[in-house]
file entry13.txt (compact mmCIF, C-alpha atoms)
# COMPACT_ATOMS: atom_id res chain seq x y z
CA MET Z 1 101.81 71.99 93.46
CA ARG Z 2 104.97 72.78 95.35
CA ALA Z 3 107.08 72.21 92.23
CA LEU Z 4 104.79 74.52 90.25
CA SER Z 5 104.93 77.30 92.85
CA GLY Z 6 108.71 76.82 93.13
CA LEU Z 7 109.06 77.23 89.37
CA ILE Z 8 106.86 80.34 89.34
CA LYS Z 9 108.78 81.84 92.26
CA ARG Z 10 112.13 81.17 90.60
CA ASP Z 11 111.15 82.61 87.23
CA LEU Z 12 109.62 85.74 88.78
CA LEU Z 13 112.79 86.25 90.83
CA LEU Z 14 114.91 85.80 87.69
CA ALA Z 15 112.72 88.33 85.83
CA LEU Z 16 113.11 90.77 88.70
CA ARG Z 17 116.90 90.45 88.47
CA SER Z 18 117.06 90.50 84.69
CA GLY Z 19 117.41 94.27 84.48
CA GLY Z 20 113.89 94.84 83.15
CA THR Z 21 113.98 92.59 80.08
CA TRP Z 22 110.46 91.44 80.97
CA ALA Z 23 109.22 94.98 80.23
CA HIS Z 24 110.34 94.93 76.57
CA GLY Z 25 106.85 93.91 75.44
CA LEU Z 26 105.31 96.78 77.35
CA VAL Z 27 107.72 99.28 75.81
CA PHE Z 28 107.00 97.88 72.34
CA PHE Z 29 103.25 98.14 73.03
CA ALA Z 30 103.54 101.82 74.02
CA VAL Z 31 105.88 102.75 71.15
CA PHE Z 32 103.74 100.94 68.56
CA LEU Z 33 100.57 102.75 69.69
CA ALA Z 34 102.31 106.13 69.77
CA LEU Z 35 103.73 105.64 66.27
CA CYS Z 36 100.35 104.53 64.92
CA ALA Z 37 98.72 107.64 66.36
CA ILE Z 38 101.36 109.83 64.72
CA ALA Z 39 101.16 107.95 61.41
CA LEU Z 40 97.38 108.36 61.32
CA GLY Z 41 97.67 112.11 61.75
CA GLY Z 42 96.62 112.29 65.39
CA GLU Z 43 93.00 112.96 64.43
CA THR Z 44 90.70 111.43 67.11
CA SER Z 45 87.89 110.83 64.64
CA VAL Z 46 90.26 108.77 62.46
CA ILE Z 47 92.00 106.89 65.29
CA ARG Z 48 89.03 106.01 67.50
CA PRO Z 49 87.35 103.49 65.19
CA LEU Z 50 90.73 101.85 64.52
CA ALA Z 51 91.84 101.76 68.17
CA PRO Z 52 90.61 98.23 69.08
CA ALA Z 53 92.40 96.76 66.07
CA LEU Z 54 95.58 98.77 66.72
CA ILE Z 55 95.68 97.87 70.41
CA TRP Z 56 95.13 94.20 69.63
CA LEU Z 57 97.83 94.28 66.95
CA ALA Z 58 100.22 95.94 69.40
CA LEU Z 59 99.45 93.21 71.92
CA VAL Z 60 99.93 90.31 69.50
CA LEU Z 61 103.14 91.74 68.03
CA SER Z 62 104.59 92.52 71.47
CA LEU Z 63 103.93 88.91 72.51
CA LEU Z 64 105.03 87.27 69.28
CA PHE Z 65 108.71 87.99 69.77
CA SER Z 66 108.78 86.96 73.42
CA PHE Z 67 108.33 83.21 72.96
CA GLU Z 68 111.72 82.41 71.50
CA GLN Z 69 113.34 82.76 74.91
CA LEU Z 70 110.58 81.03 76.86
CA PHE Z 71 112.34 77.67 77.14
CA ALA Z 72 115.74 78.57 75.67
CA GLY Z 73 117.37 79.51 79.00
CA ASP Z 74 116.39 76.24 80.68
CA VAL Z 75 117.58 74.21 77.68
CA GLU Z 76 120.94 75.98 77.43
CA ASP Z 77 121.94 75.69 81.08
CA GLY Z 78 120.73 72.09 81.46
CA SER Z 79 117.84 72.93 83.84
CA LEU Z 80 115.27 71.33 81.54
CA GLU Z 81 117.25 68.06 81.48
CA GLN Z 82 117.26 68.04 85.27
CA ILE Z 83 113.54 68.83 85.42
CA ARG Z 84 112.84 65.98 83.02
CA LEU Z 85 114.84 63.58 85.18
CA SER Z 86 113.18 64.75 88.38
CA GLY Z 87 109.99 62.88 87.45
CA LEU Z 88 108.01 66.14 87.30
CA PRO Z 89 105.61 65.87 84.33
CA LEU Z 90 106.61 68.31 81.59
CA THR Z 91 102.98 69.49 81.44
CA HIS Z 92 103.46 70.94 84.95
CA TYR Z 93 106.66 72.62 83.81
CA VAL Z 94 105.00 74.10 80.69
CA SER Z 95 102.04 75.28 82.80
CA GLY Z 96 104.40 77.03 85.21
CA LYS Z 97 106.29 78.73 82.38
CA CYS Z 98 103.00 79.87 80.79
CA ILE Z 99 101.70 81.29 84.08
CA VAL Z 100 104.91 83.26 84.60
CA HIS Z 101 104.88 84.47 81.01
CA TRP Z 102 101.26 85.58 81.42
CA LEU Z 103 102.11 87.44 84.63
CA LEU Z 104 105.10 89.17 83.02
CA THR Z 105 103.60 90.06 79.65
CA VAL Z 106 99.79 90.16 79.74
CA VAL Z 107 99.25 91.61 83.23
CA PRO Z 108 101.46 94.70 82.58
CA LEU Z 109 99.60 95.25 79.27
CA LEU Z 110 96.23 94.99 81.04
CA ALA Z 111 97.51 97.51 83.59
CA ALA Z 112 98.64 99.82 80.79
CA LEU Z 113 95.29 99.61 79.02
CA PRO Z 114 93.65 102.60 80.79
CA ILE Z 115 96.59 104.75 79.66
CA ALA Z 116 96.16 103.53 76.07
CA GLY Z 117 92.43 104.27 76.44
CA LEU Z 118 93.14 107.86 77.52
CA PHE Z 119 95.68 108.23 74.75
CA TYR Z 120 93.18 107.18 72.07
CA ASN Z 121 90.25 108.84 73.84
CA LEU Z 122 88.26 105.59 74.06
CA SER Z 123 84.84 105.20 75.64
CA MET Z 124 84.50 103.20 78.86
CA ALA Z 125 82.67 100.45 76.99
CA THR Z 126 85.44 100.07 74.41
CA SER Z 127 88.11 100.05 77.13
CA ALA Z 128 86.17 97.42 79.07
CA GLY Z 129 85.67 95.41 75.88
CA LEU Z 130 89.41 95.50 75.24
CA PHE Z 131 90.15 94.50 78.82
CA PHE Z 132 87.81 91.49 78.72
CA THR Z 133 88.84 90.31 75.25
CA ILE Z 134 92.50 90.39 76.29
CA LEU Z 135 91.78 88.68 79.59
CA ILE Z 136 89.73 85.90 78.01
CA ALA Z 137 91.94 85.37 74.96
CA SER Z 138 95.28 85.62 76.76
CA PRO Z 139 95.55 81.91 77.71
CA ALA Z 140 95.23 81.04 74.00
CA LEU Z 141 97.82 83.68 73.04
CA ILE Z 142 100.35 82.49 75.60
CA ILE Z 143 99.84 78.76 75.09
CA TYR Z 144 99.99 78.87 71.27
CA GLY Z 145 103.20 80.89 71.55
CA ALA Z 146 104.58 78.45 74.08
CA PHE Z 147 103.75 75.57 71.73
CA SER Z 148 105.69 77.20 68.89
CA GLY Z 149 108.55 78.00 71.29
CA ALA Z 150 108.62 74.36 72.42
CA CYS Z 151 108.63 73.06 68.84
CA LEU Z 152 111.57 75.25 67.91
CA THR Z 153 113.62 74.81 71.06
CA GLY Z 154 117.19 74.03 70.14
CA TYR Z 155 116.96 75.47 66.60
CA LYS Z 156 119.29 78.34 65.98
CA GLY Z 157 117.55 81.25 64.30
CA GLY Z 158 114.16 79.76 65.10
CA GLY Z 159 112.75 83.27 65.71
CA VAL Z 160 111.37 83.83 62.22
CA LEU Z 161 110.02 80.28 62.02
CA LEU Z 162 108.38 80.80 65.38
CA VAL Z 163 106.57 83.89 64.12
CA LEU Z 164 105.44 82.00 61.00
CA LEU Z 165 104.28 79.02 63.08
CA THR Z 166 102.42 81.10 65.68
CA THR Z 167 100.70 83.58 63.36
CA PRO Z 168 98.14 81.17 61.82
CA LEU Z 169 97.17 80.03 65.33
CA LEU Z 170 96.65 83.61 66.44
CA ILE Z 171 94.56 84.79 63.47
CA PRO Z 172 91.23 83.38 64.81
CA VAL Z 173 91.98 84.89 68.21
CA LEU Z 174 92.65 88.28 66.62
CA MET Z 175 89.49 88.17 64.50
CA PHE Z 176 87.15 87.23 67.35
CA ALA Z 177 88.84 89.62 69.76
CA ILE Z 178 88.47 92.73 67.58
CA GLU Z 179 84.84 91.86 66.83
CA GLY Z 180 84.37 91.15 70.54
CA VAL Z 181 85.45 94.67 71.51
CA LEU Z 182 82.75 96.09 69.22
CA SER Z 183 80.08 93.62 70.39
CA TYR Z 184 80.77 94.29 74.06
CA GLU Z 185 78.96 97.63 73.90
CA LYS Z 186 75.73 95.95 72.72
CA ALA Z 187 75.76 92.47 74.23
CA GLY Z 188 78.31 92.59 77.07
CA LEU Z 189 80.12 89.40 77.98
CA GLY Z 190 77.33 87.29 76.52
CA ALA Z 191 78.35 88.18 72.96
CA MET Z 192 79.14 85.26 70.69
CA GLU Z 193 82.74 86.45 70.25
CA PHE Z 194 83.44 86.03 73.97
CA GLN Z 195 82.17 82.48 73.82
CA ALA Z 196 84.42 81.82 70.84
CA LEU Z 197 87.43 83.36 72.64
CA SER Z 198 86.72 81.29 75.76
CA GLY Z 199 86.51 78.21 73.56
CA LEU Z 200 89.84 78.99 71.92
CA SER Z 201 91.47 79.47 75.33
CA LEU Z 202 90.00 76.23 76.66
CA ILE Z 203 91.17 74.32 73.59
CA ALA Z 204 94.64 75.84 74.05
CA LEU Z 205 94.66 74.73 77.70
CA ALA Z 206 93.48 71.22 76.90
CA ILE Z 207 95.61 70.57 73.83
CA GLY Z 208 98.33 73.23 73.76
CA ILE Z 209 99.93 72.40 77.09
CA PRO Z 210 100.28 68.62 76.54
CA ALA Z 211 101.38 69.31 72.94
CA SER Z 212 104.06 71.77 74.15
CA ALA Z 213 105.26 69.22 76.72
CA ALA Z 214 105.45 66.53 74.04
CA ALA Z 215 107.30 68.88 71.69
CA LEU Z 216 109.84 69.73 74.40
CA GLY Z 217 110.35 66.04 75.15
CA ALA Z 218 110.84 65.28 71.47
CA THR Z 219 113.26 68.13 70.73
CA MET Z 220 115.51 67.03 73.56
CA GLU Z 221 115.99 63.51 72.21
CA MET J 1 112.76 43.85 94.50
CA THR J 2 115.50 41.50 93.63
CA HIS J 3 118.60 43.20 94.94
CA SER J 4 121.22 41.27 96.78
CA HIS J 5 121.60 43.49 99.80
CA LYS J 6 119.38 45.88 101.68
CA SER J 7 119.37 49.35 100.20
CA ILE J 8 118.11 52.44 101.94
CA TYR J 9 116.92 53.74 98.56
CA GLU J 10 113.31 52.63 98.27
CA GLN J 11 113.50 52.36 94.51
CA ALA J 12 116.93 50.70 94.23
CA ASP J 13 116.93 47.83 91.77
CA HIS J 14 118.86 46.09 89.02
CA LEU J 15 119.54 48.00 85.84
CA GLU J 16 120.05 45.84 82.76
CA ILE J 17 121.11 47.09 79.37
CA ASN J 18 120.56 44.68 76.49
CA GLY J 19 121.60 45.11 72.88
CA LEU J 20 121.94 48.88 73.04
CA SER J 21 122.91 50.47 69.71
CA LEU J 22 123.17 54.07 68.65
CA ALA J 23 124.53 55.79 65.58
CA TYR J 24 125.14 59.52 65.37
CA ASP J 25 125.74 61.39 62.14
CA GLY J 26 126.03 58.11 60.23
CA LYS J 27 128.74 56.80 62.57
CA SER J 28 127.99 53.95 64.93
CA LEU J 29 128.90 54.91 68.50
CA PHE J 30 128.10 51.55 70.04
CA GLU J 31 126.44 48.38 68.86
CA ASP J 32 124.81 45.56 70.79
CA LEU J 33 126.10 46.82 74.12
CA ASN J 34 125.19 44.73 77.16
CA PHE J 35 125.89 45.31 80.81
CA ALA J 36 124.12 45.30 84.15
CA LEU J 37 124.25 47.30 87.37
CA ALA J 38 123.09 45.89 90.68
CA PRO J 39 122.42 48.07 93.73
CA GLY J 40 125.80 49.10 95.14
CA ASP J 41 127.61 48.56 91.81
CA THR J 42 129.82 51.02 89.99
CA VAL J 43 130.60 50.97 86.28
CA TRP J 44 133.16 53.35 84.82
CA ILE J 45 132.79 54.14 81.13
CA CYS J 46 136.24 54.89 79.73
CA GLY J 47 137.41 55.93 76.33
CA ALA J 48 138.87 58.77 74.32
CA ASN J 49 137.12 62.09 73.80
CA GLY J 50 134.21 61.93 71.36
CA ILE J 51 133.94 58.14 71.51
CA GLY J 52 130.35 58.27 72.79
CA LYS J 53 130.62 58.18 76.59
CA THR J 54 128.26 61.11 77.11
CA THR J 55 125.77 59.72 74.58
CA LEU J 56 125.77 56.35 76.35
CA LEU J 57 125.19 58.04 79.71
CA LYS J 58 122.35 60.10 78.28
CA CYS J 59 120.78 56.93 76.85
CA VAL J 60 120.87 55.29 80.28
CA ALA J 61 119.49 58.43 81.92
CA GLY J 62 116.64 58.53 79.41
CA LEU J 63 117.64 61.78 77.72
CA ILE J 64 118.45 60.24 74.32
CA ARG J 65 116.52 57.46 72.67
CA PRO J 66 118.76 54.63 71.40
CA ASP J 67 118.33 53.19 67.89
CA ALA J 68 117.91 49.71 69.30
CA GLY J 69 118.13 47.91 72.60
CA MET J 70 116.24 47.50 75.81
CA LEU J 71 116.81 48.97 79.24
CA THR J 72 115.14 47.37 82.20
CA TRP J 73 114.87 48.38 85.84
CA GLY J 74 114.04 45.49 88.15
CA GLY J 75 113.09 43.41 85.13
CA ASP J 76 110.54 45.92 83.79
CA ASN J 77 110.92 48.43 80.99
CA ILE J 78 112.80 51.37 82.50
CA LYS J 79 110.41 54.05 81.18
CA ALA J 80 108.10 53.99 84.19
CA ALA J 81 111.12 54.17 86.51
CA TRP J 82 112.50 57.16 84.59
CA ARG J 83 109.18 58.92 84.99
CA SER J 84 109.26 58.31 88.72
CA GLY J 85 112.67 59.99 88.88
CA ILE J 86 115.11 57.15 89.61
CA THR J 87 117.97 58.83 87.80
CA ALA J 88 120.18 61.66 88.94
CA TYR J 89 122.27 62.89 86.03
CA GLN J 90 125.18 65.29 86.10
CA GLY J 91 126.31 66.26 82.63
CA HIS J 92 128.52 69.04 81.32
CA HIS J 93 126.00 71.67 82.38
CA ASP J 94 125.64 72.48 86.05
CA ALA J 95 122.03 73.70 85.53
CA HIS J 96 122.31 76.75 87.79
CA LYS J 97 120.63 80.07 87.20
CA LYS J 98 123.46 82.56 87.34
CA ASP J 99 121.32 85.36 88.79
CA LEU J 100 120.26 83.25 91.76
CA SER J 101 122.37 82.57 94.82
CA ALA J 102 123.70 79.10 95.61
CA ALA J 103 121.00 78.62 98.27
CA GLU J 104 118.20 79.95 96.01
CA ASN J 105 119.22 77.54 93.26
CA LEU J 106 119.10 74.58 95.63
CA GLU J 107 115.80 75.74 97.18
CA PHE J 108 114.29 75.68 93.71
CA TRP J 109 115.44 72.10 93.18
CA GLN J 110 114.20 71.15 96.62
CA ASP J 111 110.75 72.39 95.57
CA ILE J 112 110.95 70.41 92.32
CA TYR J 113 111.99 67.24 94.15
CA ALA J 114 109.54 67.91 97.00
CA GLY J 115 112.49 67.39 99.36
CA GLU J 116 112.40 67.77 103.11
CA GLU J 117 113.09 71.05 104.88
CA GLY J 118 116.70 71.45 105.95
CA CYS J 119 118.09 69.42 103.03
CA VAL J 120 119.48 72.54 101.38
CA ASP J 121 121.51 73.63 104.41
CA ALA J 122 122.87 70.11 104.89
CA ALA J 123 123.80 69.77 101.22
CA LEU J 124 125.52 73.17 101.13
CA THR J 125 127.51 72.29 104.23
CA ARG J 126 128.42 68.87 102.81
CA VAL J 127 129.94 70.35 99.63
CA GLY J 128 131.69 73.17 101.51
CA LEU J 129 129.61 76.04 100.10
CA TRP J 130 127.81 77.10 103.28
CA ALA J 131 129.87 80.29 103.55
CA ARG J 132 129.02 81.16 99.94
CA ARG J 133 125.31 80.33 100.12
CA HIS J 134 124.21 83.91 99.41
CA GLN J 135 126.64 84.38 96.54
CA ARG J 136 125.17 84.53 93.03
CA THR J 137 126.29 81.48 91.09
CA HIS J 138 127.89 83.47 88.26
CA THR J 139 130.52 84.56 90.78
CA LEU J 140 131.40 80.96 91.70
CA SER J 141 134.45 79.27 90.15
CA ALA J 142 133.97 76.25 87.87
CA GLY J 143 134.87 73.92 90.71
CA GLN J 144 132.49 75.61 93.15
CA SER J 145 129.74 75.54 90.54
CA ARG J 146 130.24 71.78 90.15
CA ARG J 147 130.15 71.36 93.94
CA LEU J 148 126.78 73.08 93.93
CA ALA J 149 125.59 70.74 91.17
CA LEU J 150 126.69 67.79 93.30
CA ALA J 151 124.82 69.27 96.26
CA ARG J 152 121.69 68.91 94.10
CA LEU J 153 122.29 65.13 93.98
CA MET J 154 121.92 65.08 97.74
CA LEU J 155 118.49 66.73 97.72
CA ARG J 156 116.73 63.56 96.70
CA ASP J 157 117.00 59.81 96.89
CA ALA J 158 117.70 58.81 93.32
CA PRO J 159 119.10 55.27 93.39
CA LEU J 160 120.86 55.53 90.01
CA TRP J 161 123.53 58.21 89.60
CA VAL J 162 124.76 58.84 86.08
CA LEU J 163 127.69 61.22 86.18
CA ASP J 164 129.68 62.57 83.27
CA GLU J 165 133.20 63.55 84.33
CA PRO J 166 131.98 64.87 87.69
CA ALA J 167 135.48 65.71 88.89
CA ALA J 168 136.63 67.51 85.72
CA PRO J 169 136.74 71.09 87.10
CA MET J 170 137.64 70.04 90.66
CA ASP J 171 140.79 70.46 92.74
CA GLU J 172 142.27 67.71 94.92
CA VAL J 173 139.95 68.49 97.86
CA GLY J 174 136.96 68.50 95.51
CA ARG J 175 137.97 65.15 94.04
CA ALA J 176 138.19 63.65 97.53
CA LEU J 177 134.75 65.08 98.31
CA ILE J 178 133.26 63.48 95.19
CA HIS J 179 134.92 60.18 96.01
CA ASP J 180 133.43 60.25 99.50
CA MET J 181 129.99 61.11 98.12
CA LEU J 182 130.10 58.30 95.58
CA ARG J 183 131.30 55.79 98.15
CA ALA J 184 128.49 56.80 100.51
CA HIS J 185 125.98 56.45 97.64
CA THR J 186 127.07 52.91 96.77
CA ALA J 187 127.31 51.95 100.45
CA ARG J 188 123.63 52.93 100.83
CA GLY J 189 122.75 50.62 97.94
CA GLY J 190 122.75 53.13 95.11
CA SER J 191 124.23 52.27 91.73
CA LEU J 192 126.64 54.42 89.81
CA LEU J 193 127.53 54.91 86.17
CA LEU J 194 130.45 57.23 85.58
CA ALA J 195 132.29 58.48 82.52
CA SER J 196 135.92 59.42 82.71
CA HIS J 197 138.94 59.73 80.52
CA ARG J 198 141.16 59.56 83.60
CA ALA J 199 142.24 56.40 85.39
CA PRO J 200 139.15 55.14 87.26
CA SER J 201 139.32 54.39 90.95
CA LYS J 202 137.61 51.71 92.98
CA ILE J 203 134.33 52.84 94.51
CA GLY J 204 132.35 50.48 96.72
CA SER J 205 132.45 46.72 96.65
CA SER J 206 131.89 46.11 92.96
CA THR J 207 133.62 48.41 90.50
CA ARG J 208 133.94 47.52 86.82
CA ILE J 209 135.27 49.29 83.77
CA LEU J 210 133.63 49.43 80.36
CA THR J 211 135.90 50.72 77.62
CA LEU J 212 134.57 52.19 74.39
CA GLN J 213 137.01 51.88 71.52
CA GLU J 214 137.20 53.17 67.96
CA SER J 215 136.91 49.64 66.53
CA ARG J 216 133.26 49.84 67.52
CA ASP J 217 133.42 46.98 69.97
CA ALA J 218 132.71 47.46 73.62
CA ARG J 219 133.98 45.12 76.26
CA THR J 220 133.35 44.88 79.98
call {"tool": "encode", "arguments": {"input": "entry13.txt", "output": "structure tokens"}}
result
Amino acid sequence: MRALSGLIKRDLLLALRSGGTWAHGLVFFAVFLALCAIALGGETSVIRPLAPALIWLALVLSLLFSFEQLFAGDVEDGSLEQIRLSGLPLTHYVSGKCIVHWLLTVVPLLAALPIAGLFYNLSMATSAGLFFTILIASPALIIYGAFSGACLTGYKGGGVLLVLLTTPLLIPVLMFAIEGVLSYEKAGLGAMEFQALSGLSLIALAIGIPASAAALGATME
Amino acid sequence: MTHSHKSIYEQADHLEINGLSLAYDGKSLFEDLNFALAPGDTVWICGANGIGKTTLLKCVAGLIRPDAGMLTWGGDNIKAAWRSGITAYQGHHDAHKKDLSAAENLEFWQDIYAGEEGCVDAALTRVGLWARRHQRTHTLSAGQSRRLALARLMLRDAPLWVLDEPAAPMDEVGRALIHDMLRAHTARGGSLLLASHRAPSKIGSSTRILTLQESRDART
């Protein structure tokens, strides 16, 4: 537990001192939504029905490019070697990295959601639906990305491969999430889509974290 | 435990390397390599650049899987011992985060190793970096950065130290410091595997040299 909290503390401190690189995803999210609104003519009646899909796309795309660097820093400076030799299970290390990544990417997007809602003139129910779909699906998003990042650690130019590897894993999440936003108005959190998203996140937790740890161990050998 | 003299390291034991072979890029680096390290022993790995010293060290530390061969720790397969953290390895990378201070870097490792409070201050003082503890590590010189990496070794009780050219970026004072640290480690019953392309020096009671040569044979 102490190792995990130490890792989280260190990575948050590093993010704080990184000159705002952690906020790139948030900037991308805002720019993407603004450009979509302009491209669609700014007409509320046109944008509103598309908003859940656009916001979810913005979220997935803003995350997709953030995984390449997830483990790269620790591999390059030798920290990961030292962590491996410390006897700390790599699953703990991967969990710590995923928690920090969630705090730095998903939480700011959740905080920015009311602004996106105002921007697209969304109803309270749609905004709440978006909030809950993102919250419930985010472990799956982060862990699948971390898995791809772990598989491609050490490969130069792995960025494109990473996108190709992560995308198929994210498609079910995207499908259930967008449907979930629409179902929330009628069925609330009991809707089938929320159960599916919870299932995907639980599977990611149970399989994705050990798989990422194994991939990291294998790429280092 | 089978070691010959009392060690203060709880996990200290005999390391045995049997029939170790590894090829890289189609070229054999070492074949059927055998040697052993008892608690308190030192083995220097010598040889020219690129001969495979670092690879051999990484094999022993558990960072590279050999093509063939068996490593045992106290007679048992070494894997369980690796997982319990018997090895402290210092390679070419110092593993510091450049945006953290010297003290912050060590505090992180103290958390990872679940070390005792006060270890960080003692380690910083020991390597002569106490006055620079609040300095970000990217402002440290190569020698100071290596001192900080060596301070990390002191944060935990790993009985097997595997060090790759630890003194490379160091000045005379730094070299003396390393020598003292290594001697203290072997005197406490720790074992030591070192790579160097310089003339090795005697550390502790039992110091041996293993030379890797181009002809693919290795002799102790």
call {"tool": "interface_residues", "arguments": {"input": "entry13.txt", "of": "chain J", "to": "chain Z", "cutoff": "9 Å", "atoms": "all atoms listed in the file", "output": "PDB file with C-alpha atoms, in the frame of the given file"}}
result
ATOM      1  CA  ALA J  61     119.490  58.430  81.920  1.00  0.00           C
ATOM      2  CA  GLY J  62     116.640  58.530  79.410  1.00  0.00           C
ATOM      3  CA  LEU J  63     117.640  61.780  77.720  1.00  0.00           C
ATOM      4  CA  ILE J  64     118.450  60.240  74.320  1.00  0.00           C
ATOM      5  CA  ARG J  65     116.520  57.460  72.670  1.00  0.00           C
ATOM      6  CA  ALA J  81     111.120  54.170  86.510  1.00  0.00           C
ATOM      7  CA  TRP J  82     112.500  57.160  84.590  1.00  0.00           C
ATOM      8  CA  ARG J  83     109.180  58.920  84.990  1.00  0.00           C
ATOM      9  CA  SER J  84     109.260  58.310  88.720  1.00  0.00           C
ATOM     10  CA  GLY J  85     112.670  59.990  88.880  1.00  0.00           C
ATOM     11  CA  ILE J  86     115.110  57.150  89.610  1.00  0.00           C
ATOM     12  CA  THR J  87     117.970  58.830  87.800  1.00  0.00           C
ATOM     13  CA  ALA J  88     120.180  61.660  88.940  1.00  0.00           C
ATOM     14  CA  TYR J  89     122.270  62.890  86.030  1.00  0.00           C
ATOM     15  CA  GLN J  90     125.180  65.290  86.100  1.00  0.00           C
ATOM     16  CA  GLY J  91     126.310  66.260  82.630  1.00  0.00           C
ATOM     17  CA  HIS J  92     128.520  69.040  81.320  1.00  0.00           C
ATOM     18  CA  HIS J  93     126.000  71.670  82.380  1.00  0.00           C
ATOM     19  CA  ASP J  94     125.640  72.480  86.050  1.00  0.00           C
ATOM     20  CA  ALA J  95     122.030  73.700  85.530  1.00  0.00           C
ATOM     21  CA  HIS J  96     122.310  76.750  87.790  1.00  0.00           C
ATOM     22  CA  LYS J  97     120.630  80.070  87.200  1.00  0.00           C
ATOM     23  CA  ASP J  99     121.320  85.360  88.790  1.00  0.00           C
ATOM     24  CA  LEU J 100     120.260  83.250  91.760  1.00  0.00           C
ATOM     25  CA  GLU J 104     118.200  79.950  96.010  1.00  0.00           C
ATOM     26  CA  ASN J 105     119.220  77.540  93.260  1.00  0.00           C
ATOM     27  CA  GLU J 107     115.800  75.740  97.180  1.00  0.00           C
ATOM     28  CA  PHE J 108     114.290  75.680  93.710  1.00  0.00           C
ATOM     29  CA  TRP J 109     115.440  72.100  93.180  1.00  0.00           C
ATOM     30  CA  GLN J 110     114.200  71.150  96.620  1.00  0.00           C
ATOM     31  CA  ASP J 111     110.750  72.390  95.570  1.00  0.00           C
ATOM     32  CA  ILE J 112     110.950  70.410  92.320  1.00  0.00           C
ATOM     33  CA  TYR J 113     111.990  67.240  94.150  1.00  0.00           C
ATOM     34  CA  ALA J 114     109.540  67.910  97.000  1.00  0.00           C
ATOM     35  CA  ALA J 158     117.700  58.810  93.320  1.00  0.00           C
TER      36      ALA J 158
END
call {"tool": "closest_residue", "arguments": {"input": "entry13.txt", "among": "Z:Phe28, Z:Phe67, Z:Phe176, Z:Phe131", "to": "Z:Trp102", "atoms": "all atoms listed in the file"}}
result
Z:Phe67
call {"tool": "atom_distance", "arguments": {"input": "entry13.txt", "atom1": "atom CA of Z:Ala30", "atom2": "atom CA of Z:Ala177"}}
result
19.6 Å
call {"tool": "atom_distance", "arguments": {"input": "entry13.txt", "atom1": "atom CA of J:Ala142", "atom2": "atom CA of J:Gly115"}}
result
25.9 Å
call {"tool": "residues_around", "arguments": {"input": "entry13.txt", "residues": "J:Pro39", "least_positions_apart": "4", "cutoff": "7 Å", "atoms": "only C-alpha atoms", "output": "compact mmCIF listing (two decimals) with C-alpha atoms, in the frame of the given file"}}
result
# COMPACT_ATOMS: atom_id res chain seq x y z
CA HIS J 3 118.60 43.20 94.94
CA ALA J 12 116.93 50.70 94.23
CA ASP J 13 116.93 47.83 91.77
CA HIS J 14 118.86 46.09 89.02
CA GLY J 189 122.75 50.62 97.94
CA GLY J 190 122.75 53.13 95.11
CA SER J 191 124.23 52.27 91.73
call {"tool": "residues_around", "arguments": {"input": "entry13.txt", "residues": "J:Thr186", "least_positions_apart": "2", "cutoff": "9 Å", "atoms": "only C-alpha atoms", "output": "JSON, numbers by chain"}}
result
{"J": [39, 40, 41, 42, 159, 181, 182, 183, 184, 188, 189, 190, 191, 192, 203, 204, 205]}
call {"tool": "closest_residue", "arguments": {"input": "entry13.txt", "among": "Z:Leu216, Z:Ala187, Z:Ala211, Z:Leu162", "to": "Z:Glu68", "atoms": "all atoms listed in the file"}}
result
Z:Leu162
call {"tool": "residues_around", "arguments": {"input": "entry13.txt", "residues": "J:Thr211", "least_positions_apart": "4", "cutoff": "6 Å", "atoms": "only C-alpha atoms", "output": "ChimeraX atom specification"}}
result
/J:45-47
call {"tool": "atom_distance", "arguments": {"input": "entry13.txt", "atom1": "atom CA of J:Arg132", "atom2": "atom CA of J:Ser101"}}
result
8.5 Å
call {"tool": "decode", "arguments": {"input": "entry13.txt", "residues": "stretch 47-52 of chain Z", "atoms": "N, CA, C and O atoms", "output": "short mmCIF file (atom, residue, chain, number, x, y, z; two decimals), in the first residue's frame"}}
result
data_model
loop_
_atom_site.label_atom_id
_atom_site.label_comp_id
_atom_site.auth_asym_id
_atom_site.auth_seq_id
_atom_site.Cartn_x
_atom_site.Cartn_y
_atom_site.Cartn_z
N ILE Z 47 -26.80 19.77 -33.64
CA ILE Z 47 -25.72 19.31 -32.76
C ILE Z 47 -26.25 18.46 -31.61
O ILE Z 47 -25.64 17.44 -31.27
N ARG Z 48 -27.37 18.86 -31.05
CA ARG Z 48 -27.84 18.21 -29.81
C ARG Z 48 -27.95 16.69 -29.90
O ARG Z 48 -27.46 15.98 -29.03
N PRO Z 49 -28.60 16.17 -30.96
CA PRO Z 49 -28.69 14.70 -31.00
C PRO Z 49 -27.33 14.01 -31.18
O PRO Z 49 -27.16 12.85 -30.81
N LEU Z 50 -26.37 14.76 -31.76
CA LEU Z 50 -25.05 14.16 -32.00
C LEU Z 50 -24.11 14.31 -30.81
O LEU Z 50 -23.06 13.67 -30.74
N ALA Z 51 -24.49 15.18 -29.86
CA ALA Z 51 -23.56 15.55 -28.79
C ALA Z 51 -23.00 14.36 -28.00
O ALA Z 51 -21.77 14.31 -27.79
N PRO Z 52 -23.83 13.39 -27.57
CA PRO Z 52 -23.23 12.27 -26.81
C PRO Z 52 -22.13 11.56 -27.59
O PRO Z 52 -21.07 11.26 -27.05
#
